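**Q** Right, I'll just put the structure down here and ask away after.
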Amino acid sequence: MVRRIVLILVLAGIGLVAGQQPAASPSAIQEKRMARGEVGSLLPEFSLTDLRGRPVRSADLRGKVVLIDFWATWCGPCKKEMPGYQQLLDHYGPQGFAVIGFKFDTMKDTEDPVRFAKRFGVRYPLVVASDAVKEKFGGIAGLPTTLLYDRQGVLRTKVIGFEYTSTFEEDLEKTAVTCC
């Protein structure tokens, strides 16, 4: 009987101590539940250098709507999408919209990536997507892959494969991601 009372008191004490620990913040709970790269997950932290030698940091994107595009010089659909992303940036950039292109390095480039970008009128930052970068975004299943994050850094839209620019523009205009 005494052992039972002692056991109950010990368990009650553990419960009180556990109850005094601070609750996890909503963002911490969200991060635990959301797999990287899934809609609802957060923009990962990164600090890289683009193909022109300029720094590209996720910290500099805070408070902006961000479109992340995984692409390659040998990817036909990428060639169709990228000029449209530049047009979106030209239109919405002054209102807090940013585009970052992550170049896949799994196959040999069909041309110099900087000349490729210039030929297609792309002026937004282009960064090599190392395996570590791909992992931070939850892995990339196919090209192109486009991710649209809201101003709080939450992934709102994920498209694997070609998508018309107008679809992303509609997302910008009609949802909480609106930057305009």
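Naming scheme: A, B, ... for chains in displayed order of the structure tokens; residues 1 onward per chain; ligands 1 onward as shown.
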Within 7 Å of Gly153 in chain A, counting only C-alpha atoms, which residues show up once you throw out same-chain ones fewer than 6 positions away? Write them as a PDB file with C-alpha atoms, in the first residue's frame, please.
**A**
```pdb
ATOM      1  CA  LEU A  42       8.510  26.467 -44.519  1.00  0.00           C
ATOM      2  CA  LEU A  43      11.059  27.954 -46.919  1.00  0.00           C
ATOM      3  CA  ARG A  62      11.740  37.215 -45.522  1.00  0.00           C
TER       4      ARG A  62
END
```
**Q** Write out as a PyMOL selection string the residues lying within 10 Å of Pro113 in chain A, counting only C-alpha atoms and excluding same-chain residues fewer than 2 positions away.
**A** chain A and resi 51+72-73+103+109-111+115-119+126-128
**Q** For the residues in that selection, give me C-alpha atoms as an mmCIF file, in the first residue's frame.
**A**
```
data_model
loop_
_atom_site.group_PDB
_atom_site.id
_atom_site.type_symbol
_atom_site.label_atom_id
_atom_site.label_comp_id
_atom_site.auth_asym_id
_atom_site.auth_seq_id
_atom_site.Cartn_x
_atom_site.Cartn_y
_atom_site.Cartn_z
ATOM 1 C CA LEU A 51 26.082 31.955 -61.176
ATOM 2 C CA ALA A 72 18.139 22.673 -66.228
ATOM 3 C CA THR A 73 19.535 23.850 -69.572
ATOM 4 C CA LYS A 103 19.920 24.787 -61.688
ATOM 5 C CA ASP A 109 24.529 21.385 -69.401
ATOM 6 C CA THR A 110 23.606 21.772 -73.062
ATOM 7 C CA GLU A 111 25.047 25.296 -72.964
ATOM 8 C CA ARG A 115 24.334 32.487 -71.668
ATOM 9 C CA PHE A 116 21.248 30.268 -71.531
ATOM 10 C CA ALA A 117 19.593 32.649 -69.064
ATOM 11 C CA LYS A 118 20.532 35.676 -71.145
ATOM 12 C CA ARG A 119 19.143 34.049 -74.311
ATOM 13 C CA LEU A 126 20.336 31.389 -60.684
ATOM 14 C CA VAL A 127 22.062 29.061 -58.234
ATOM 15 C CA VAL A 128 23.415 25.519 -58.624
#
```
**Q** Quick one: DSSP helix (DSSP H, G or I) residues in range 1-174 of chain A, as a ChimeraX atom specification?
**A** /A:2-19,26-33,58-61,76-95,113-119,131-136,165-174
**Q** Export C-alpha atoms of the chosen residues as a compact mmCIF listing (two decimals), in the first residue's frame?
**A**
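Okay, selection18.txt is ready:
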```txt
# COMPACT_ATOMS: atom_id res chain seq x y z
CA VAL A 2 2.80 2.41 0.88
CA ARG A 3 4.58 1.54 -2.37
CA ARG A 4 1.42 2.34 -4.29
CA ILE A 5 1.12 5.75 -2.63
CA VAL A 6 4.80 6.51 -3.29
CA LEU A 7 4.39 5.46 -6.94
CA ILE A 8 1.32 7.68 -7.31
CA LEU A 9 3.17 10.64 -5.75
CA VAL A 10 6.20 10.10 -8.03
CA LEU A 11 4.01 9.91 -11.13
CA ALA A 12 2.07 12.97 -10.03
CA GLY A 13 5.36 14.84 -9.51
CA ILE A 14 6.54 13.88 -13.00
CA GLY A 15 3.23 15.10 -14.39
CA LEU A 16 3.61 18.45 -12.64
CA VAL A 17 7.17 18.90 -13.92
CA ALA A 18 6.17 17.93 -17.44
CA GLY A 19 3.23 20.30 -17.25
CA PRO A 26 2.75 26.77 -33.59
CA SER A 27 5.55 27.06 -36.15
CA ALA A 28 7.57 24.35 -34.36
CA ILE A 29 4.53 22.09 -34.36
CA GLN A 30 3.94 22.83 -38.05
CA GLU A 31 7.58 22.02 -38.91
CA LYS A 32 7.37 18.67 -37.13
CA ARG A 33 4.18 17.69 -38.97
CA SER A 58 16.84 32.93 -47.70
CA ALA A 59 17.12 35.54 -44.95
CA ASP A 60 16.94 38.25 -47.63
CA LEU A 61 13.61 36.81 -48.83
CA GLY A 76 12.51 21.70 -72.66
CA PRO A 77 9.61 22.68 -70.37
CA CYS A 78 12.02 24.78 -68.26
CA LYS A 79 12.84 26.84 -71.35
CA LYS A 80 9.12 27.59 -71.76
CA GLU A 81 8.53 28.52 -68.10
CA MET A 82 11.53 30.68 -67.26
CA PRO A 83 10.69 33.72 -69.44
CA GLY A 84 7.23 33.79 -67.84
CA TYR A 85 8.74 33.83 -64.36
CA GLN A 86 10.88 36.79 -65.42
CA GLN A 87 7.71 38.57 -66.60
CA LEU A 88 6.06 37.91 -63.23
CA LEU A 89 9.14 39.30 -61.49
CA ASP A 90 9.16 42.39 -63.71
CA HIS A 91 5.50 43.04 -62.88
CA TYR A 92 5.27 42.02 -59.20
CA GLY A 93 8.89 42.46 -58.04
CA PRO A 94 8.45 46.05 -56.84
CA GLN A 95 5.61 44.82 -54.62
CA PRO A 113 23.89 28.46 -67.96
CA VAL A 114 24.58 32.21 -67.86
CA ARG A 115 24.33 32.49 -71.67
CA PHE A 116 21.25 30.27 -71.53
CA ALA A 117 19.59 32.65 -69.06
CA LYS A 118 20.53 35.68 -71.15
CA ARG A 119 19.14 34.05 -74.31
CA ASP A 131 22.27 17.59 -53.43
CA ALA A 132 22.19 19.38 -50.07
CA VAL A 133 19.97 22.14 -51.51
CA LYS A 134 17.64 19.60 -53.13
CA GLU A 135 17.36 17.82 -49.78
CA LYS A 136 16.46 21.08 -47.99
CA THR A 165 2.74 31.30 -65.90
CA SER A 166 -0.88 32.46 -65.75
CA THR A 167 -1.59 29.77 -63.16
CA PHE A 168 1.03 31.21 -60.81
CA GLU A 169 -0.20 34.72 -61.52
CA GLU A 170 -3.72 33.61 -60.53
CA ASP A 171 -2.29 32.20 -57.30
CA LEU A 172 -0.59 35.54 -56.65
CA GLU A 173 -3.82 37.47 -57.23
CA LYS A 174 -6.45 35.29 -55.55
```
**Q** Which one of A:Tyr124, A:Phe46, A:Phe70, A:Phe104 sits closest to Thr146 in chain A if you count only C-alpha atoms?
**A**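 Checking each of A:Tyr124, A:Phe46, A:Phe70, A:Phe104 against Thr146 in chain A, counting only C-alpha atoms, the winner is A:Phe70.
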**Q** Would you mind reading off the distance between CA of Arg57 in chain A and CA of Arg151 in chain A, one decimal, in Å?
**A**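 These atoms are spaced 15.3 Å apart.
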